[in-house]
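Coordinates as given in final_25.txt (compact mmCIF, C-alpha atoms):
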# COMPACT_ATOMS: atom_id res chain seq x y z
CA MET L 1 48.86 13.24 -35.10
CA LYS L 2 45.93 14.71 -37.01
CA ARG L 3 44.89 11.23 -38.11
CA PHE L 4 45.01 10.05 -34.53
CA LEU L 5 42.82 12.95 -33.35
CA ARG L 6 40.33 12.36 -36.17
CA ALA L 7 40.14 8.67 -35.28
CA LEU L 8 39.63 9.53 -31.60
CA VAL L 9 36.82 11.98 -32.43
CA HIS L 10 35.25 9.39 -34.74
CA ARG L 11 35.37 6.76 -31.99
CA LYS L 12 33.78 9.18 -29.52
CA LYS L 13 31.00 10.02 -31.96
CA THR L 14 30.42 6.33 -32.62
CA GLY L 15 30.36 5.65 -28.89
CA TRP L 16 27.83 8.42 -28.31
CA ARG L 17 25.67 7.11 -31.15
CA ILE L 18 25.65 3.67 -29.53
CA VAL L 19 24.81 5.16 -26.12
CA CYS L 20 22.02 7.30 -27.59
CA THR L 21 20.65 4.34 -29.53
CA LEU L 22 20.58 2.21 -26.37
CA LEU L 23 18.91 5.01 -24.41
CA LEU L 24 16.27 5.46 -27.12
CA LEU L 25 15.73 1.70 -27.21
CA CYS L 26 15.24 1.61 -23.42
CA LEU L 27 12.90 4.60 -23.64
CA GLY L 28 10.91 2.86 -26.39
CA ILE L 29 10.62 -0.33 -24.31
CA LYS L 30 9.58 1.77 -21.29
CA VAL L 31 6.85 3.57 -23.26
CA PHE L 32 5.68 0.27 -24.78
CA ALA L 33 5.53 -1.31 -21.31
CA MET L 34 3.57 1.65 -19.91
CA LEU L 35 1.05 1.55 -22.75
CA PHE L 36 0.56 -2.18 -23.13
CA GLU L 37 1.70 -3.83 -19.88
CA GLY L 38 -1.86 -4.34 -18.66
CA ARG L 39 -2.77 -6.25 -21.81
CA PHE L 40 -0.10 -8.83 -21.03
CA ILE L 41 -1.33 -9.30 -17.44
CA TYR L 42 -5.13 -8.98 -17.47
CA PHE L 43 -7.43 -10.86 -19.85
CA PRO L 44 -10.94 -9.78 -18.83
CA GLU L 45 -14.16 -10.79 -20.52
CA LYS L 46 -16.81 -8.12 -20.20
CA TYR L 47 -20.54 -8.80 -19.97
CA PRO L 48 -22.38 -10.13 -21.98
CA GLY L 49 -19.34 -12.31 -22.62
CA GLY L 50 -19.21 -15.31 -20.33
CA ILE L 51 -21.55 -18.15 -19.39
CA TRP L 52 -24.22 -16.22 -17.49
CA GLU L 53 -26.93 -18.82 -18.10
CA VAL L 54 -25.37 -20.97 -15.34
CA GLN L 55 -27.44 -18.86 -12.92
CA GLY L 56 -30.55 -20.64 -14.18
CA ALA L 57 -28.95 -24.04 -14.65
CA ARG L 58 -30.87 -27.03 -13.34
CA ALA L 59 -29.07 -29.82 -11.56
CA GLY L 60 -29.93 -33.47 -11.13
CA LYS L 61 -31.84 -34.74 -8.13
CA GLY L 62 -29.68 -35.02 -5.02
CA HIS L 63 -26.91 -32.74 -6.36
CA ILE L 64 -25.48 -29.95 -4.22
CA VAL L 65 -25.57 -26.72 -6.22
CA PRO L 66 -25.06 -23.01 -5.50
CA ALA L 67 -27.98 -20.66 -5.09
CA ILE L 68 -26.61 -17.51 -6.71
CA GLU L 69 -27.45 -14.01 -5.55
CA ASP L 70 -26.19 -11.04 -7.59
CA SER L 71 -24.39 -8.50 -5.42
CA SER L 72 -23.49 -4.88 -6.16
CA PHE L 73 -21.03 -2.77 -4.20
CA VAL L 74 -18.71 0.19 -4.73
CA SER L 75 -14.94 0.49 -4.32
CA GLN L 76 -13.27 3.27 -2.35
CA ASP L 77 -12.45 5.10 -5.58
CA GLY L 78 -16.06 4.96 -6.77
CA VAL L 79 -16.03 2.01 -9.20
CA ASN L 80 -19.27 -0.02 -9.33
CA LEU L 81 -18.49 -3.69 -8.81
CA HIS L 82 -20.41 -6.93 -9.20
CA GLY L 83 -20.22 -10.32 -7.54
CA TRP L 84 -22.06 -13.54 -6.79
CA TYR L 85 -22.92 -14.58 -3.26
CA CYS L 86 -23.38 -18.35 -3.46
CA THR L 87 -24.96 -20.59 -0.82
CA PRO L 88 -25.08 -24.40 -0.98
CA GLY L 89 -28.31 -26.33 -1.41
CA ARG L 90 -29.59 -29.68 -2.58
CA VAL L 91 -31.99 -30.36 -5.42
CA SER L 92 -34.74 -32.88 -4.64
CA ASP L 93 -38.04 -33.52 -6.46
CA ASP L 94 -37.94 -30.19 -8.28
CA SER L 95 -37.36 -28.27 -5.05
CA PHE L 96 -34.27 -26.66 -3.56
CA SER L 97 -33.35 -26.99 0.11
CA SER L 98 -30.57 -24.76 1.38
CA HIS L 99 -27.78 -25.99 3.65
CA GLN L 100 -26.30 -24.08 6.54
CA ALA L 101 -22.64 -23.16 6.01
CA GLU L 102 -20.72 -21.45 8.79
CA MET L 103 -17.72 -20.20 6.81
CA VAL L 104 -17.53 -17.87 3.80
CA LEU L 105 -14.87 -18.14 1.10
CA LEU L 106 -14.03 -14.77 -0.39
CA PHE L 107 -12.87 -16.00 -3.80
CA PHE L 108 -10.45 -14.07 -6.04
CA HIS L 109 -10.10 -15.74 -9.43
CA GLY L 110 -7.30 -15.81 -12.01
CA ASN L 111 -6.58 -13.28 -14.73
CA ALA L 112 -8.78 -14.53 -17.60
CA GLY L 113 -12.52 -14.47 -18.23
CA ASN L 114 -14.93 -13.51 -15.44
CA ILE L 115 -16.76 -15.11 -12.53
CA THR L 116 -19.03 -17.20 -14.77
CA HIS L 117 -16.01 -19.25 -15.89
CA ARG L 118 -15.55 -20.37 -12.26
CA TYR L 119 -19.02 -21.89 -11.88
CA ASP L 120 -17.76 -25.50 -11.92
CA MET L 121 -15.25 -24.66 -9.21
CA ILE L 122 -17.93 -22.91 -7.14
CA GLN L 123 -20.23 -25.91 -7.47
CA ARG L 124 -17.55 -28.23 -6.10
CA LEU L 125 -16.81 -25.87 -3.22
CA MET L 126 -20.47 -26.08 -2.16
CA ALA L 127 -19.82 -29.63 -0.95
CA LEU L 128 -17.34 -28.50 1.74
CA PRO L 129 -19.82 -26.86 2.70
CA VAL L 130 -19.10 -23.12 2.48
CA ASN L 131 -20.73 -19.99 1.20
CA VAL L 132 -18.72 -18.42 -1.63
CA PHE L 133 -18.50 -14.73 -2.49
CA ILE L 134 -16.74 -14.29 -5.83
CA ILE L 135 -16.27 -10.91 -7.48
CA ASP L 136 -15.71 -9.52 -10.95
CA TYR L 137 -12.62 -7.33 -10.73
CA ARG L 138 -12.98 -3.88 -12.29
CA GLY L 139 -13.12 -4.27 -16.05
CA TYR L 140 -14.31 -7.88 -15.75
CA GLY L 141 -17.83 -9.26 -16.21
CA LYS L 142 -20.44 -6.79 -14.98
CA SER L 143 -18.01 -4.56 -13.08
CA GLN L 144 -17.08 -1.13 -14.37
CA GLY L 145 -13.61 0.38 -14.79
CA SER L 146 -10.32 -1.02 -16.06
CA PRO L 147 -8.00 -3.44 -14.22
CA SER L 148 -4.78 -2.32 -12.55
CA GLU L 149 -2.74 -3.52 -9.59
CA LYS L 150 -3.96 -0.76 -7.27
CA GLY L 151 -7.50 -1.13 -8.60
CA LEU L 152 -7.66 -4.87 -7.89
CA TYR L 153 -6.48 -4.29 -4.33
CA LEU L 154 -9.24 -1.70 -3.87
CA ASP L 155 -11.77 -4.17 -5.30
CA ALA L 156 -10.68 -6.78 -2.76
CA GLN L 157 -11.02 -4.30 0.10
CA ALA L 158 -14.50 -3.34 -1.15
CA ALA L 159 -15.52 -7.02 -1.25
CA TRP L 160 -14.32 -7.48 2.34
CA HIS L 161 -16.16 -4.34 3.42
CA TYR L 162 -19.33 -5.63 1.70
CA LEU L 163 -19.20 -8.93 3.59
CA VAL L 164 -18.36 -7.47 6.98
CA PHE L 165 -20.48 -4.32 6.98
CA GLN L 166 -23.34 -4.99 4.57
CA ARG L 167 -23.88 -8.69 5.18
CA ARG L 168 -22.74 -8.48 8.82
CA ILE L 169 -20.47 -11.51 8.51
CA PRO L 170 -17.83 -11.61 11.27
CA ALA L 171 -14.23 -11.50 10.04
CA ARG L 172 -13.51 -14.79 11.81
CA ARG L 173 -16.00 -16.52 9.52
CA ILE L 174 -14.21 -15.39 6.35
CA ILE L 175 -11.49 -17.35 4.55
CA LEU L 176 -9.68 -15.72 1.63
CA PHE L 177 -9.16 -17.91 -1.45
CA GLY L 178 -6.95 -16.70 -4.30
CA GLU L 179 -6.08 -18.64 -7.44
CA SER L 180 -3.23 -17.59 -9.74
CA LEU L 181 -3.49 -13.77 -10.13
CA GLY L 182 -6.12 -13.85 -7.39
CA GLY L 183 -3.51 -15.24 -5.02
CA ALA L 184 -1.66 -11.92 -5.16
CA VAL L 185 -4.94 -10.07 -4.53
CA ALA L 186 -5.81 -12.31 -1.57
CA ILE L 187 -2.34 -11.99 -0.03
CA ASP L 188 -2.43 -8.21 -0.28
CA LEU L 189 -5.86 -8.11 1.38
CA ALA L 190 -4.67 -10.47 4.13
CA THR L 191 -2.03 -7.91 5.10
CA CYS L 192 -4.78 -5.30 5.66
CA VAL L 193 -7.53 -7.30 7.40
CA ARG L 194 -7.79 -10.28 9.75
CA PRO L 195 -9.39 -13.27 7.99
CA GLN L 196 -9.76 -16.64 9.66
CA GLY L 197 -7.64 -18.28 6.96
CA LEU L 198 -5.96 -17.87 3.59
CA ILE L 199 -5.81 -20.33 0.67
CA VAL L 200 -3.36 -19.58 -2.16
CA GLN L 201 -3.64 -21.81 -5.23
CA SER L 202 -1.26 -21.91 -8.20
CA SER L 203 0.05 -18.40 -7.54
CA PHE L 204 3.33 -16.60 -8.11
CA THR L 205 5.97 -14.74 -6.11
CA SER L 206 5.73 -11.47 -8.10
CA ILE L 207 4.87 -10.15 -11.54
CA PRO L 208 8.54 -9.30 -12.36
CA ASP L 209 9.42 -12.95 -11.57
CA MET L 210 6.69 -14.08 -13.97
CA VAL L 211 7.88 -11.65 -16.66
CA LYS L 212 11.43 -12.99 -16.34
CA THR L 213 10.07 -16.52 -16.76
CA ILE L 214 8.01 -15.72 -19.86
CA PHE L 215 10.19 -12.99 -21.46
CA LEU L 216 13.70 -14.06 -20.51
CA PHE L 217 15.55 -10.91 -21.59
CA PHE L 218 12.95 -8.27 -20.73
CA PRO L 219 14.38 -5.85 -18.10
CA ARG L 220 12.62 -6.42 -14.76
CA PHE L 221 13.04 -2.79 -13.70
CA LEU L 222 10.72 -1.68 -16.52
CA VAL L 223 7.78 -3.66 -15.11
CA ARG L 224 5.49 -1.29 -13.20
CA THR L 225 3.06 -3.93 -11.91
CA LYS L 226 4.71 -5.63 -8.93
CA MET L 227 2.20 -7.82 -7.02
CA ASP L 228 5.12 -8.68 -4.75
CA SER L 229 3.46 -11.52 -2.84
CA VAL L 230 6.71 -13.07 -1.61
CA ARG L 231 7.52 -9.84 0.24
CA LYS L 232 4.02 -9.54 1.72
CA ILE L 233 3.30 -13.12 2.78
CA PRO L 234 5.55 -13.09 5.91
CA ASN L 235 3.22 -10.41 7.31
CA VAL L 236 0.12 -12.63 7.10
CA SER L 237 -0.48 -14.23 10.49
CA CYS L 238 -3.62 -16.32 9.91
CA PRO L 239 -3.49 -20.06 9.04
CA LYS L 240 -2.42 -20.56 5.42
CA LEU L 241 -2.87 -23.34 2.86
CA PHE L 242 -0.76 -23.31 -0.32
CA ILE L 243 -1.74 -25.51 -3.28
CA HIS L 244 0.33 -26.09 -6.41
CA SER L 245 1.24 -28.72 -8.99
CA GLN L 246 4.68 -29.56 -10.35
CA GLN L 247 3.00 -29.87 -13.76
CA ASP L 248 1.66 -26.30 -13.68
CA ASP L 249 2.26 -25.02 -17.20
CA VAL L 250 1.73 -21.31 -16.44
CA VAL L 251 3.06 -20.50 -12.95
CA PRO L 252 6.20 -22.51 -12.09
CA TYR L 253 5.92 -24.84 -9.12
CA ARG L 254 9.02 -23.27 -7.57
CA PHE L 255 7.12 -20.00 -7.16
CA GLY L 256 4.44 -21.74 -5.11
CA ARG L 257 7.10 -23.35 -2.94
CA ARG L 258 8.91 -20.02 -2.44
CA LEU L 259 5.68 -18.40 -1.29
CA PHE L 260 5.13 -21.24 1.17
CA GLU L 261 8.70 -21.08 2.48
CA ALA L 262 8.50 -17.30 2.94
CA ALA L 263 5.23 -17.54 4.88
CA SER L 264 5.10 -17.58 8.66
CA GLU L 265 3.46 -20.36 10.65
CA PRO L 266 0.81 -21.73 10.76
CA LYS L 267 1.00 -22.97 7.19
CA GLN L 268 0.68 -26.11 5.09
CA PHE L 269 1.44 -27.10 1.51
CA TYR L 270 -0.54 -29.48 -0.68
CA GLU L 271 0.69 -30.70 -4.05
CA VAL L 272 -1.78 -31.81 -6.71
CA PRO L 273 0.08 -34.33 -8.91
CA GLY L 274 -0.36 -34.14 -12.67
CA ALA L 275 -2.49 -30.99 -12.80
CA SER L 276 -1.94 -28.24 -15.35
CA HIS L 277 -2.58 -24.65 -14.27
CA ASN L 278 -6.32 -24.59 -14.99
CA GLU L 279 -7.10 -28.16 -13.97
CA THR L 280 -6.10 -28.20 -10.32
CA PHE L 281 -9.59 -28.81 -8.93
CA LEU L 282 -10.49 -31.24 -11.73
CA VAL L 283 -7.37 -33.42 -11.48
CA GLY L 284 -7.25 -33.07 -7.69
CA GLY L 285 -10.71 -34.56 -7.37
CA GLU L 286 -12.02 -35.70 -4.00
CA ALA L 287 -8.57 -35.76 -2.38
CA TYR L 288 -8.15 -32.07 -3.22
CA LEU L 289 -11.62 -31.26 -1.88
CA GLU L 290 -10.87 -33.17 1.32
CA VAL L 291 -7.76 -31.03 1.92
CA LEU L 292 -9.90 -27.91 1.50
CA ARG L 293 -12.61 -29.40 3.73
CA ARG L 294 -10.14 -30.12 6.55
CA PHE L 295 -8.67 -26.61 6.30
CA VAL L 296 -12.13 -24.99 6.37
CA ARG L 297 -13.12 -27.20 9.30
CA SER L 298 -10.01 -26.21 11.25
CA CYS L 299 -10.83 -22.53 10.64
CA GLU L 300 -14.42 -23.15 11.73
CA GLN L 301 -13.24 -24.85 14.92
CA ALA L 302 -10.89 -21.94 15.65
CA HIS L 303 -13.81 -19.55 15.20
CA ALA L 304 -15.92 -21.65 17.60
CA ARG L 305 -13.14 -21.47 20.23
CA HIS L 306 -12.73 -17.71 19.81
CA PRO L 307 -16.01 -16.25 18.53
CA ASP L 308 -16.31 -12.53 17.82

The structure given in the file should be rewritten as structure tokens.
Amino acid sequence: MKRFLRALVHRKKTGWRIVCTLLLLCLGIKVFAMLFEGRFIYFPEKYPGGIWEVQGARAGKGHIVPAIEDSSFVSQDGVNLHGWYCTPGRVSDDSFSSHQAEMVLLFFHGNAGNITHRYDMIQRLMALPVNVFIIDYRGYGKSQGSPSEKGLYLDAQAAWHYLVFQRRIPARRIILFGESLGGAVAIDLATCVRPQGLIVQSSFTSIPDMVKTIFLFFPRFLVRTKMDSVRKIPNVSCPKLFIHSQQDDVVPYRFGRRLFEAASEPKQFYEVPGASHNETFLVGGEAYLEVLRRFVRSCEQAHARHPD
């Protein structure tokens, strides 16, 4: 009997040791996630890092290029932010003639680098034609602060406020464009304001879904950053264009499709065959640009029918 009781006590102690070890392990993972989670999500490049000399780049005769204007504005929580307001123009005989563009793309880029790394994309967008306002999130480029989910949402709201109240651009002339991480930022903003349209390119359903894809056995409940786009997108009522590639090597194609399927009408989906995550606009070429052009034109026509 005594042996039995000793064995039972030993088993209980062993069981408690296992439980305590598991709890300590979970606590350690939780602390690690809290301290380093942002480093696995955001990959900013602060100024002077980047390719800032593109602002003075010369283009060949007849090319459509962006005229870049530096913009400064402040978020609701007091962070100084930076962006480029880009307008299309054509180079001819050493002179620059600007083009009139009715619509403005408010562009939220992906998680790496800063706005200078999107210059090639901006240059192609000029041919639609549109004006482009692209911002450095907090902690990126020339913007102050450090990136966080809440912070990026505040940055997006500050960019909208800058366009509508400082530049006096009517909301019905603004189309939100979010690529990858920026798709989550654009979707969140679209639930708070009334843009004329929303373009979501190569974006995901949520950060926990991405974590599960990359770190198969990492507990989802420990992820603090949510960016739950799939829950928010049904509440966006404006026309929506979703773009993704089955060959996306970062954000699975199925996430782009789930976002599209969860969205309310009006909506459309465009697949870019053979494009990796960072090559959508390069591989898509003129066909990709034509899809964007038609979407922008439809938003412009809707604005003309119902001006502010």

Please, which residues in range 216-299 of chain L fall within 9 Å of range 180-193 of chain L when counting all atoms listed in the file, and what is the closest atom pair and distance in Å to one decimal for each, ordered by chain then residue number, as JSON lines?
{"residue": "L:Met227", "atom": "CA", "partner": "L:Ala184", "partner_atom": "CA", "distance": 5.9}
{"residue": "L:Asp228", "atom": "CA", "partner": "L:Ala184", "partner_atom": "CA", "distance": 7.5}
{"residue": "L:Ser229", "atom": "CA", "partner": "L:Ala184", "partner_atom": "CA", "distance": 5.6}
{"residue": "L:Lys232", "atom": "CA", "partner": "L:Asp188", "partner_atom": "CA", "distance": 6.9}
{"residue": "L:Ile233", "atom": "CA", "partner": "L:Ile187", "partner_atom": "CA", "distance": 6.4}
{"residue": "L:Asn235", "atom": "CA", "partner": "L:Thr191", "partner_atom": "CA", "distance": 6.2}
{"residue": "L:Val236", "atom": "CA", "partner": "L:Thr191", "partner_atom": "CA", "distance": 5.6}
{"residue": "L:Ser237", "atom": "CA", "partner": "L:Thr191", "partner_atom": "CA", "distance": 8.4}
{"residue": "L:Cys238", "atom": "CA", "partner": "L:Ala190", "partner_atom": "CA", "distance": 8.3}
{"residue": "L:Val251", "atom": "CA", "partner": "L:Ser180", "partner_atom": "CA", "distance": 7.6}
{"residue": "L:His277", "atom": "CA", "partner": "L:Ser180", "partner_atom": "CA", "distance": 8.4}

Please write out, as AutoDock Vina command-line options, where the centre of an axis-aligned box around all listed atoms of range 299-302 of chain L lies and how long its edges are, in Å to one decimal, after adding 4 Å on each side.
--center_x -12.6 --center_y -23.4 --center_z 13.1 --size_x 11.6 --size_y 10.9 --size_z 13.0

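Each of L:Lys142, L:His63, L:Lys267, L:Arg124 was compared to Leu81 in chain L using all atoms listed in the file, and L:Lys142 turns out to be the nearest.
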
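Computed from the coordinates, the CA of Gly145 in chain L to CA of Phe133 in chain L distance equals 20.1 Å.
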
| Taking all atoms listed in the file into account, which of L:Ala159, L:Ala112, L:Met126, L:Ile68 comes nearest Arg90 in chain L? | L:Met126

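Minimum atom-to-atom distances from L:Ser203, L:Gln100, L:Ser146, L:Gln246 to Glu45 in chain L were compared using all atoms listed in the file, and the lowest value belongs to L:Ser146.
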
| Can you tell me, as number ranges by chain, which residues sit within 8 Å of (-3.2, -29.1, -16.4) in the file's frame, using all atoms listed in the file? | L: 247-249, 274-280, 283

| field | Residues within 12 Å of (-23.9, -17.9, -14.5), counting all atoms listed in the file, listed as a ChimeraX atom specification | value | /L:47-58,66-70,83-86,114-120,122-123,134,141-142

| request: Please measure the separation of CA of Ile64 in chain L and CA of Pro88 in chain L, giving the value in Å to one decimal. | output: 6.4 Å

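Here CA of Phe177 in chain L stands at a distance of 7.7 Å from CA of Gln201 in chain L.
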
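Comparing L:Ser75, L:Gln196, L:Ser202, L:Asn111 by their smallest distance to Gly151 in chain L, the closest is L:Ser75 (using all atoms listed in the file).
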
| Residues within 6 Å of Pro195 in chain L, only C-alpha atoms, excluding chain neighbours under 5 positions, as a ChimeraX atom specification | /L:171-172,174-175

| said: Would you pick out the contacts of Arg257 in chain L at 9 Å or less, using all atoms listed in the file, so that residues sharing its chain but fewer than 4 positions from it are not included, and give the list as number ranges by chain? | reply: L: 242, 244, 253, 261-262, 269

| Among listed residues L:Pro239, L:Pro208, L:Pro44, L:Gly256, nearest Glu300 in chain L (using only C-alpha atoms) | L:Pro239

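Residue nearest Ser298 in chain L within the list L:Pro170, L:Gly139, L:Gly197, L:Gly178: L:Gly197 [criterion: smallest interatomic distance, all atoms listed in the file].
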